[in-house]
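For reference, entry11.cif is printed below; it contains mmCIF, C-alpha atoms.
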```cif
data_entry
loop_
_atom_site.label_atom_id
_atom_site.label_comp_id
_atom_site.auth_asym_id
_atom_site.auth_seq_id
_atom_site.Cartn_x
_atom_site.Cartn_y
_atom_site.Cartn_z
CA MET A 1 -3.90 36.00 -18.66
CA ASN A 2 -4.06 32.90 -20.81
CA LYS A 3 -3.72 32.81 -24.57
CA ASN A 4 -7.28 34.10 -25.01
CA GLY A 5 -6.58 36.94 -22.64
CA CYS A 6 -9.02 35.54 -20.02
CA HIS A 7 -8.77 34.20 -16.51
CA LEU A 8 -8.65 30.46 -15.99
CA ASN A 9 -12.08 28.89 -16.26
CA ASP A 10 -13.52 26.24 -13.92
CA GLU A 11 -12.19 23.38 -16.02
CA GLN A 12 -8.67 24.77 -15.96
CA ILE A 13 -8.88 25.33 -12.20
CA VAL A 14 -9.94 21.72 -11.72
CA LYS A 15 -7.20 20.58 -14.05
CA ALA A 16 -4.71 22.57 -11.99
CA ILE A 17 -5.90 20.86 -8.82
CA VAL A 18 -5.62 17.39 -10.34
CA ASP A 19 -2.15 18.00 -11.72
CA ARG A 20 -0.65 21.41 -12.40
CA ALA A 21 1.68 19.85 -14.95
CA GLN A 22 -1.33 19.27 -17.19
CA LEU A 23 -1.80 23.00 -17.72
CA LEU A 24 -0.46 24.64 -20.85
CA PRO A 25 2.65 26.85 -20.38
CA SER A 26 0.56 29.99 -20.95
CA GLU A 27 -1.96 28.87 -18.33
CA LYS A 28 0.83 28.11 -15.88
CA GLU A 29 2.32 31.51 -16.51
CA HIS A 30 -1.03 33.19 -16.00
CA LEU A 31 -1.64 31.29 -12.81
CA SER A 32 1.69 32.38 -11.40
CA VAL A 33 0.86 36.08 -11.81
CA CYS A 34 -2.94 36.44 -11.64
CA PRO A 35 -4.11 36.99 -8.03
CA GLU A 36 -7.74 36.32 -9.02
CA CYS A 37 -6.99 32.90 -10.47
CA ILE A 38 -4.65 32.06 -7.59
CA SER A 39 -7.43 32.99 -5.17
CA ALA A 40 -10.00 30.88 -7.05
CA LEU A 41 -7.63 27.94 -7.05
CA GLU A 42 -6.78 28.32 -3.37
CA ARG A 43 -10.45 28.64 -2.44
CA PHE A 44 -11.28 25.34 -4.06
CA GLU A 45 -8.17 23.71 -2.63
CA ASN A 46 -9.07 24.94 0.83
CA ASN A 47 -12.60 23.62 0.50
CA LEU A 48 -11.28 20.19 -0.39
CA LYS A 49 -8.78 20.32 2.44
CA LEU A 50 -11.51 21.39 4.83
CA LEU A 51 -13.73 18.56 3.65
CA GLY A 52 -10.96 16.09 4.43
CA GLN A 53 -10.29 17.63 7.84
CA THR A 54 -13.98 17.70 8.77
CA ALA A 55 -14.41 14.10 7.72
CA GLU A 56 -11.38 13.13 9.80
CA ARG A 57 -12.77 15.05 12.79
CA PHE A 58 -16.07 13.17 12.59
CA VAL A 59 -14.54 9.69 12.55
CA PRO A 60 -15.09 8.00 15.95
CA LEU A 61 -12.15 6.57 17.82
CA SER A 62 -11.51 2.91 17.30
CA LYS A 63 -11.87 1.00 20.56
CA LYS A 64 -10.48 -2.24 19.24
CA GLN A 65 -6.79 -2.97 19.31
CA TRP A 66 -4.99 -5.02 16.75
CA ILE A 67 -4.94 -8.66 17.82
CA LEU A 68 -1.35 -9.78 18.08
CA HIS A 69 -0.26 -11.99 15.25
CA GLU A 70 0.82 -14.68 17.74
CA LYS A 71 -2.79 -14.94 18.81
CA ILE A 72 -3.91 -15.12 15.24
CA HIS A 73 -1.29 -17.73 14.56
CA ASN A 74 -2.29 -19.72 17.64
CA SER A 75 -5.95 -19.37 16.92
CA PHE A 76 -5.24 -20.57 13.42
CA ILE A 77 -3.52 -23.70 14.75
CA PHE A 78 -6.24 -24.24 17.33
CA GLY A 79 -8.82 -23.72 14.65
CA TRP A 80 -7.14 -26.27 12.43
CA ARG A 81 -6.98 -28.82 15.25
CA ALA A 82 -10.50 -28.11 16.37
CA SER A 83 -11.86 -28.51 12.86
CA PHE A 84 -9.92 -31.76 12.42
CA ALA A 85 -11.33 -33.11 15.71
CA ALA A 86 -14.81 -31.95 14.75
CA ALA A 87 -14.47 -33.72 11.39
CA ILE A 88 -13.47 -36.97 13.11
CA ILE A 89 -16.35 -36.71 15.59
CA ILE A 90 -18.81 -36.06 12.79
CA PHE A 91 -17.39 -38.99 10.83
CA PHE A 92 -17.88 -41.36 13.78
CA LEU A 93 -21.32 -39.98 14.48
CA VAL A 94 -22.39 -40.64 10.93
CA ILE A 95 -21.04 -44.20 11.07
CA THR A 96 -22.70 -44.85 14.44
CA ILE A 97 -26.02 -43.47 13.35
CA ASN A 98 -25.97 -45.66 10.29
CA SER A 99 -25.07 -48.82 12.23
CA ASP A 100 -27.72 -51.52 12.87
CA SER A 101 -27.74 -51.22 16.66
CA VAL A 102 -28.58 -47.56 16.46
CA LYS A 103 -31.08 -48.24 13.77
CA LEU A 104 -32.73 -50.71 16.21
CA ILE A 105 -32.91 -48.00 18.87
CA PHE A 106 -34.36 -45.56 16.44
CA ASN A 107 -36.76 -48.20 15.08
CA LYS A 108 -37.99 -49.34 18.49
CA ALA A 109 -41.47 -48.10 17.85
CA ASP A 110 -41.57 -49.94 14.54
CA ILE A 111 -40.52 -53.17 16.23
CA ALA A 112 -43.25 -52.81 18.84
CA ASP A 113 -45.73 -52.21 16.08
CA SER A 114 -44.55 -55.28 14.21
CA GLY A 115 -44.99 -57.38 17.45
CA LEU A 116 -48.56 -56.19 17.73
CA TYR A 117 -49.09 -57.05 14.14
CA SER A 118 -47.82 -60.63 14.56
CA GLU A 119 -49.98 -61.09 17.67
CA GLU A 120 -53.00 -60.03 15.74
CA THR A 121 -52.15 -62.44 12.95
CA LEU A 122 -51.69 -65.25 15.46
CA MET A 123 -55.00 -64.54 17.13
CA THR A 124 -56.77 -64.51 13.79
CA GLU A 125 -55.34 -67.92 13.02
CA VAL A 126 -56.30 -69.22 16.48
CA ASN A 127 -59.83 -67.93 16.11
CA TYR A 128 -60.06 -69.57 12.74
CA LEU A 129 -58.92 -72.86 14.23
CA VAL A 130 -61.42 -72.57 17.09
CA GLU A 131 -64.19 -72.16 14.59
CA ASN A 132 -62.79 -74.84 12.29
CA PRO A 133 -60.87 -77.35 14.47
CA LEU A 134 -60.28 -79.84 11.69
CA PRO A 135 -58.16 -79.22 8.74
CA ALA A 136 -59.86 -79.20 5.39
CA SER A 137 -58.69 -82.79 4.67
CA GLY A 138 -60.35 -84.11 7.87
CA LEU A 139 -63.62 -82.31 7.52
CA PHE A 140 -65.21 -85.43 6.07
CA ILE A 141 -65.60 -86.93 9.53
CA ALA A 142 -67.28 -83.83 10.90
CA GLU A 143 -70.88 -84.22 11.98
CA ASP A 144 -72.31 -82.17 9.21
CA ASP A 145 -70.61 -84.25 6.58
CA ASN A 146 -71.67 -87.59 8.18
CA ALA A 147 -75.38 -86.90 8.39
CA ASP A 148 -76.02 -90.07 6.36
CA TYR A 149 -74.86 -92.37 9.19
CA ASP A 150 -77.56 -93.13 11.68
CA GLU A 151 -77.20 -93.63 15.41
CA ASP A 152 -77.16 -97.45 15.24
CA PHE A 153 -74.17 -97.39 13.00
CA ILE A 154 -72.33 -95.08 15.38
CA ASP A 155 -73.23 -97.39 18.32
CA PHE A 156 -71.88 -100.30 16.37
CA VAL A 157 -68.63 -98.54 15.67
CA VAL A 158 -68.28 -96.96 19.09
CA PRO A 159 -70.19 -99.10 21.67
CA SER A 160 -71.67 -97.28 24.65
CA ALA A 161 -70.14 -97.49 28.13
CA GLU A 162 -73.06 -99.53 29.50
CA ASP A 163 -72.27 -102.38 27.16
CA ASP A 164 -71.38 -105.70 28.90
CA VAL A 165 -68.27 -106.43 27.02
CA LEU A 166 -66.82 -103.13 27.85
CA SER A 167 -67.93 -103.31 31.51
CA GLY A 168 -66.38 -106.75 31.73
CA ILE A 169 -63.08 -105.40 30.62
CA GLU A 170 -63.29 -102.52 33.03
CA LYS A 171 -64.22 -104.82 36.01
CA GLY A 172 -61.97 -107.81 35.64
CA GLY A 173 -59.56 -106.91 33.07
CA TYR A 174 -60.69 -109.88 30.96
CA ILE A 175 -63.59 -110.76 28.73
CA SER A 176 -66.06 -113.22 30.22
CA CYS A 177 -67.68 -115.53 27.78
CA MET B 1 1.40 22.95 -5.55
CA ILE B 2 -1.54 21.16 -4.13
CA SER B 3 0.17 17.82 -3.96
CA GLU B 4 3.02 19.31 -1.99
CA HIS B 5 0.55 21.05 0.27
CA HIS B 6 -1.25 17.78 1.02
CA ASP B 7 2.01 15.97 1.41
CA SER B 8 3.23 18.41 4.00
CA LYS B 9 0.04 17.79 6.02
CA SER B 10 0.02 14.05 5.61
CA PRO B 11 1.52 12.33 8.66
CA TYR B 12 2.97 9.51 6.56
CA SER B 13 4.40 11.42 3.67
CA GLY B 14 7.57 12.70 5.30
CA ARG B 15 10.78 11.18 4.05
CA ASP B 16 11.73 9.98 7.54
CA ARG B 17 8.41 8.34 8.04
CA LYS B 18 8.65 6.63 4.67
CA SER B 19 12.12 5.32 5.26
CA GLN B 20 11.08 4.21 8.75
CA ALA B 21 8.10 2.38 7.25
CA VAL B 22 10.30 0.72 4.62
CA ILE B 23 12.71 -0.47 7.32
CA LEU B 24 9.83 -1.80 9.37
CA VAL B 25 8.35 -3.58 6.36
CA GLU B 26 11.74 -5.13 5.62
CA MET B 27 12.02 -6.35 9.20
CA ALA B 28 8.42 -7.62 9.23
CA VAL B 29 8.98 -9.54 6.00
CA ALA B 30 12.07 -11.06 7.58
CA GLY B 31 9.81 -12.38 10.34
CA ASN B 32 10.37 -9.82 13.10
CA PRO B 33 7.11 -9.79 15.13
CA GLY B 34 7.92 -6.51 16.88
CA ALA B 35 8.40 -4.77 13.56
CA PHE B 36 5.04 -5.96 12.36
CA ASP B 37 3.37 -4.66 15.51
CA GLN B 38 5.02 -1.29 14.99
CA LEU B 39 3.91 -1.27 11.39
CA VAL B 40 0.34 -1.92 12.49
CA GLY B 41 0.58 0.80 15.12
CA LEU B 42 1.79 3.20 12.48
CA ASN B 43 -1.01 2.44 10.04
CA TYR B 44 -3.98 1.29 12.12
CA ASN B 45 -5.76 4.64 12.55
CA LYS B 46 -5.14 5.62 8.96
CA ILE B 47 -6.74 2.43 7.69
CA PHE B 48 -9.57 2.59 10.23
CA LYS B 49 -10.43 6.10 9.01
CA MET B 50 -10.16 5.01 5.40
CA VAL B 51 -12.65 2.20 6.03
CA TYR B 52 -14.95 4.43 8.06
CA TYR B 53 -15.16 7.01 5.23
CA ARG B 54 -16.55 4.25 3.04
CA LEU B 55 -18.76 2.32 5.49
CA ARG B 56 -19.73 5.03 7.96
CA SER B 57 -20.20 2.51 10.77
CA GLY B 58 -17.68 2.31 13.61
CA MET B 59 -18.21 -1.37 14.36
CA ASP B 60 -18.05 -2.45 10.74
CA ALA B 61 -14.95 -0.32 10.24
CA GLU B 62 -13.25 -1.99 13.22
CA ASP B 63 -14.04 -5.48 11.95
CA VAL B 64 -12.91 -4.73 8.41
CA THR B 65 -9.71 -3.08 9.69
CA GLN B 66 -8.92 -6.22 11.69
CA ASP B 67 -9.48 -8.32 8.57
CA ILE B 68 -7.22 -6.04 6.56
CA PHE B 69 -4.32 -6.37 8.99
CA THR B 70 -4.86 -10.11 9.28
CA GLN B 71 -4.51 -10.36 5.52
CA VAL B 72 -1.48 -8.10 5.59
CA PHE B 73 0.10 -10.36 8.21
CA LYS B 74 -0.60 -13.48 6.18
CA ASN B 75 0.66 -12.08 2.88
CA ILE B 76 3.41 -9.66 3.83
CA LYS B 77 6.07 -12.10 2.66
CA SER B 78 4.70 -11.88 -0.86
CA LEU B 79 5.53 -8.15 -0.98
CA LYS B 80 8.53 -7.65 -3.27
CA ASP B 81 8.96 -3.89 -3.38
CA PHE B 82 8.95 -2.61 0.20
CA SER B 83 8.50 1.00 -0.90
CA LEU B 84 5.08 0.05 -2.27
CA PHE B 85 3.82 -1.08 1.14
CA ASN B 86 1.45 1.87 1.51
CA SER B 87 -0.18 1.30 -1.87
CA TRP B 88 -0.31 -2.44 -1.22
CA LEU B 89 -1.98 -1.83 2.16
CA PHE B 90 -4.55 0.50 0.61
CA SER B 91 -5.13 -1.95 -2.20
CA ILE B 92 -6.00 -4.67 0.34
CA ALA B 93 -8.20 -2.19 2.21
CA VAL B 94 -10.10 -1.13 -0.91
CA ASN B 95 -10.75 -4.76 -1.82
CA LYS B 96 -11.83 -5.68 1.71
CA VAL B 97 -14.25 -2.76 1.87
CA ARG B 98 -15.69 -3.73 -1.51
CA ASP B 99 -16.07 -7.36 -0.39
CA PHE B 100 -17.73 -6.27 2.84
CA LYS B 101 -20.20 -4.05 0.99
CA ARG B 102 -20.96 -6.86 -1.44
CA LYS B 103 -21.56 -9.33 1.39
CA LYS B 104 -23.72 -6.83 3.25
CA ARG B 105 -25.79 -6.22 0.14
CA PHE B 106 -26.14 -9.98 -0.40
CA PHE B 107 -27.24 -10.66 3.19
CA SER B 108 -29.56 -7.67 3.20
CA LEU B 109 -31.49 -9.42 0.44
CA PHE B 110 -32.46 -12.05 2.99
CA GLY B 111 -32.83 -9.59 5.86
CA ALA B 112 -30.18 -11.50 7.83
CA LEU B 113 -28.25 -8.40 8.78
CA SER B 114 -31.15 -6.12 9.50
CA ASP B 115 -31.22 -6.91 13.22
CA LYS B 116 -27.44 -6.78 13.50
CA ASN B 117 -27.34 -3.41 11.78
CA THR B 118 -29.93 -1.93 14.05
CA GLU B 119 -28.00 -3.17 17.06
CA SER B 120 -24.68 -1.86 15.80
CA GLU B 121 -26.13 1.52 14.90
CA GLY B 122 -27.58 1.77 18.37
CA GLU B 123 -24.27 0.85 19.94
CA ASN B 124 -22.46 3.36 17.77
CA GLU B 125 -24.81 6.06 18.87
CA ASN B 126 -24.24 5.14 22.49
CA GLU B 127 -20.50 5.18 21.97
CA ALA B 128 -20.75 8.55 20.40
CA TYR B 129 -22.88 9.87 23.25
CA THR B 130 -20.28 8.81 25.76
CA ALA B 131 -17.60 10.57 23.75
CA SER B 132 -19.46 13.79 23.00
CA GLY B 133 -22.70 15.62 23.55
CA PRO B 134 -25.97 15.09 21.71
CA LEU B 135 -25.49 18.22 19.59
CA GLU B 136 -22.16 16.89 18.35
CA ILE B 137 -23.89 13.61 17.47
CA VAL B 138 -26.54 15.40 15.43
CA ILE B 139 -23.92 17.49 13.61
CA ARG B 140 -21.85 14.39 12.94
CA GLN B 141 -24.79 12.38 11.63
CA ASN B 142 -25.90 15.30 9.48
CA PHE B 143 -22.41 15.65 8.05
CA TRP B 144 -22.13 11.99 7.05
CA LYS B 145 -25.60 12.04 5.56
CA GLN B 146 -24.77 15.05 3.39
CA PHE B 147 -21.35 13.63 2.59
CA GLU B 148 -22.98 10.43 1.39
CA SER B 149 -25.40 12.34 -0.81
CA VAL B 150 -22.46 14.23 -2.36
CA LEU B 151 -20.56 10.99 -3.01
CA ASN B 152 -23.63 9.31 -4.47
CA ARG B 153 -23.37 11.61 -7.46
CA LEU B 154 -20.04 10.06 -8.38
CA SER B 155 -19.38 6.75 -10.08
CA TYR B 156 -17.53 4.01 -8.15
CA LEU B 157 -14.11 4.89 -9.55
CA GLU B 158 -14.64 8.66 -9.28
CA LYS B 159 -15.67 8.21 -5.67
CA GLU B 160 -12.73 5.94 -4.87
CA VAL B 161 -10.18 8.19 -6.52
CA PHE B 162 -11.63 11.27 -4.81
CA LEU B 163 -11.60 9.63 -1.38
CA LEU B 164 -8.09 8.28 -1.79
CA ARG B 165 -6.79 11.67 -2.93
CA PHE B 166 -8.50 14.14 -0.62
CA LEU B 167 -9.48 12.11 2.43
CA ASP B 168 -6.80 9.43 2.57
CA GLN B 169 -4.19 11.88 1.27
CA LEU B 170 -2.59 9.57 -1.29
CA GLU B 171 -0.65 10.85 -4.25
CA ILE B 172 -1.73 10.16 -7.84
CA ARG B 173 1.03 7.56 -8.24
CA GLU B 174 -0.03 5.78 -5.04
CA ILE B 175 -3.68 5.82 -6.13
CA SER B 176 -2.60 4.38 -9.45
CA ASP B 177 -0.76 1.52 -7.66
CA THR B 178 -3.63 0.98 -5.25
CA LEU B 179 -6.34 0.74 -7.88
CA LYS B 180 -4.07 -0.85 -10.49
CA LYS B 181 -5.03 1.79 -13.04
CA ASN B 182 -2.62 3.93 -14.97
CA GLU B 183 -2.03 7.49 -13.80
CA SER B 184 -3.87 9.16 -16.68
CA THR B 185 -6.99 7.09 -15.90
CA VAL B 186 -6.75 8.14 -12.26
CA LYS B 187 -6.39 11.80 -13.26
CA THR B 188 -9.36 11.57 -15.60
CA HIS B 189 -11.59 10.12 -12.88
CA LEU B 190 -10.35 12.67 -10.37
CA TYR B 191 -11.00 15.47 -12.84
CA ARG B 192 -14.57 14.26 -13.43
CA ALA B 193 -15.19 13.87 -9.70
CA LEU B 194 -13.88 17.35 -8.93
CA LYS B 195 -15.92 18.91 -11.70
CA LYS B 196 -19.09 17.37 -10.31
CA ILE B 197 -18.18 18.43 -6.78
CA LYS B 198 -17.21 21.97 -7.78
CA ASP B 199 -20.57 22.48 -9.44
CA ASP B 200 -22.35 21.05 -6.40
CA VAL B 201 -23.65 23.79 -4.11
CA SER B 202 -24.35 21.27 -1.33
CA VAL B 203 -20.60 20.75 -0.82
CA ILE B 204 -20.11 24.42 0.00
CA GLU B 205 -23.11 24.30 2.32
CA LEU B 206 -21.78 21.16 3.91
CA LEU B 207 -18.48 22.85 4.62
CA LYS B 208 -20.07 26.06 5.88
CA GLU B 209 -22.27 24.13 8.32
CA ASN B 210 -19.40 22.12 9.68
CA LEU B 211 -16.71 24.70 10.08
CA PRO B 212 -14.88 24.04 13.33
#
```
Could you rewrite the structure in this file as structure tokens?
Amino acid sequence: MNKNGCHLNDEQIVKAIVDRAQLLPSEKEHLSVCPECISALERFENNLKLLGQTAERFVPLSKKQWILHEKIHNSFIFGWRASFAAAIIIFFLVITINSDSVKLIFNKADIADSGLYSEETLMTEVNYLVENPLPASGLFIAEDDNADYDEDFIDFVVPSAEDDVLSGIEKGGYISC
Amino acid sequence: MISEHHDSKSPYSGRDRKSQAVILVEMAVAGNPGAFDQLVGLNYNKIFKMVYYRLRSGMDAEDVTQDIFTQVFKNIKSLKDFSLFNSWLFSIAVNKVRDFKRKKRFFSLFGALSDKNTESEGENENEAYTASGPLEIVIRQNFWKQFESVLNRLSYLEKEVFLLRFLDQLEIREISDTLKKNESTVKTHLYRALKKIKDDVSVIELLKENLP
């Protein structure tokens, strides 16, 4: 019996399971002689032991084996080399992608588009010139602007092909008087 | 005493085993590859079980166990007190399991692991079927489900201390070294965990159902 003349309670049983040294001397003494308390303690202990054993029984077997440390070591070195090589490759890829030649390849479609654009511009200019063959500074000799001059004046400036003087030149190469 | 009782059952608590482990650790730290392999062989199943108790997935437990021993291999030279190897190993294991759970929780937010999980669960079931009958599978699944519901009533530290003490069979001092908490804190958490478990009727039912 403990100092109160009672059996150990649940708390004291738990305390005894955690660490029997935590019990008071009277409790220890009681536990050493009381079959009821010993039985209660053993029952709980057995339950805990059984729980551990059952849990252990229900753990599946591990199929994997420990990878030898040499392999780990080697794989570490290989990994280091591989990552270094990968870093270099990535570095060169980045440089190459950013270079002008690659940019040209990637911008091929843009270049084709720009060619079409310049052709269109050229054709617009050509069409404009077809419609307006003279530059703005020479427009004064265009027909519309010279409506004031009559036909006689034009004949005087540019004689017709049937004119004698001109025919004389064409026939003999000299002017006959 | 209970601790003595557990110690006598624990395969790694014998004095010979401990001294053998210390010698192996010493040799492994000195760079002996064979010693390290032996050390792994001695501890692999123990750590695999420890991880499985917490993750309850065979494939995840295998991966995490591999990670744990990889870290042990990389850092074994930093171990000063060879007698603390067991606690050091469990400390790495506890941290790895926590990291894994954290990562899993993070990825589950994005649904990235949902497919993988389904696959792995399916594979685990198949593995289990090849090893034992369907009835055994059902009993096993039921046990882990109930076990999880029992553990869910405990806080993180209570759960960890309880598992380390009664499933991983560590002593209070070793748990204290593993979790980097002083012994009285460990005892307090263990006391609280046991009180909750003792009052829990489902634990008794769980044990009754799964008696071998």
(request) Please evaluate the PyMOL selection byres ((chain A) within 7 of (chain B)) against the displayed coordinates and give the resulting residues as a PyMOL selection string. (result) chain A and resi 14-15+17-18+48-49+51-52+58-60+62+64+66
(message) One number please: CA of Leu151 in chain B to CA of Asp19 in chain A, in Å, one decimal.
(response) 21.5 Å
(message) List the spatial neighbours of range 81-87 of chain B as a list in words - criterion: any atom at most 7 Å away, all atoms listed in the file, same-chain residues fewer than 6 positions off excluded.
(response)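 My reading of the contact set: Val22, Val25, Glu26, Glu174, Asp177 and Thr178 of chain B.
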(request) Give me, please, the distance in Å between CA of Ser19 in chain B and CA of Gln38 in chain B, quoted to one decimal. (result)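 Going from CA of Ser19 in chain B over to CA of Gln38 in chain B covers 13.7 Å.
The spacing separating CA of Ser176 in chain B from CA of Leu154 in chain B amounts to 18.4 Å.
The closest residue to Asp60 in chain B, picked from B:Lys101, B:Lys80, B:Lys181, B:Lys145 and counting only C-alpha atoms, is B:Lys101.
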List the residues selected by the PyMOL selection byres ((chain A and resi 8) around 10) in the file shown, writing them as a JSON list (two decimals) with C-alpha atoms, keeping the file's coordinate frame.
```json
[["chain", "number", "residue", "atom", "x", "y", "z"],
["A", 1, "MET", "CA", -3.90, 36.00, -18.66],
["A", 2, "ASN", "CA", -4.06, 32.90, -20.81],
["A", 4, "ASN", "CA", -7.28, 34.10, -25.01],
["A", 5, "GLY", "CA", -6.58, 36.94, -22.64],
["A", 6, "CYS", "CA", -9.02, 35.54, -20.02],
["A", 7, "HIS", "CA", -8.77, 34.20, -16.51],
["A", 9, "ASN", "CA", -12.08, 28.89, -16.26],
["A", 10, "ASP", "CA", -13.52, 26.24, -13.92],
["A", 11, "GLU", "CA", -12.19, 23.38, -16.02],
["A", 12, "GLN", "CA", -8.67, 24.77, -15.96],
["A", 13, "ILE", "CA", -8.88, 25.33, -12.20],
["A", 14, "VAL", "CA", -9.94, 21.72, -11.72],
["A", 16, "ALA", "CA", -4.71, 22.57, -11.99],
["A", 27, "GLU", "CA", -1.96, 28.87, -18.33],
["A", 28, "LYS", "CA", 0.83, 28.11, -15.88],
["A", 30, "HIS", "CA", -1.03, 33.19, -16.00],
["A", 31, "LEU", "CA", -1.64, 31.29, -12.81],
["A", 34, "CYS", "CA", -2.94, 36.44, -11.64],
["A", 36, "GLU", "CA", -7.74, 36.32, -9.02],
["A", 37, "CYS", "CA", -6.99, 32.90, -10.47],
["A", 38, "ILE", "CA", -4.65, 32.06, -7.59],
["A", 40, "ALA", "CA", -10.00, 30.88, -7.05],
["A", 41, "LEU", "CA", -7.63, 27.94, -7.05]]
```
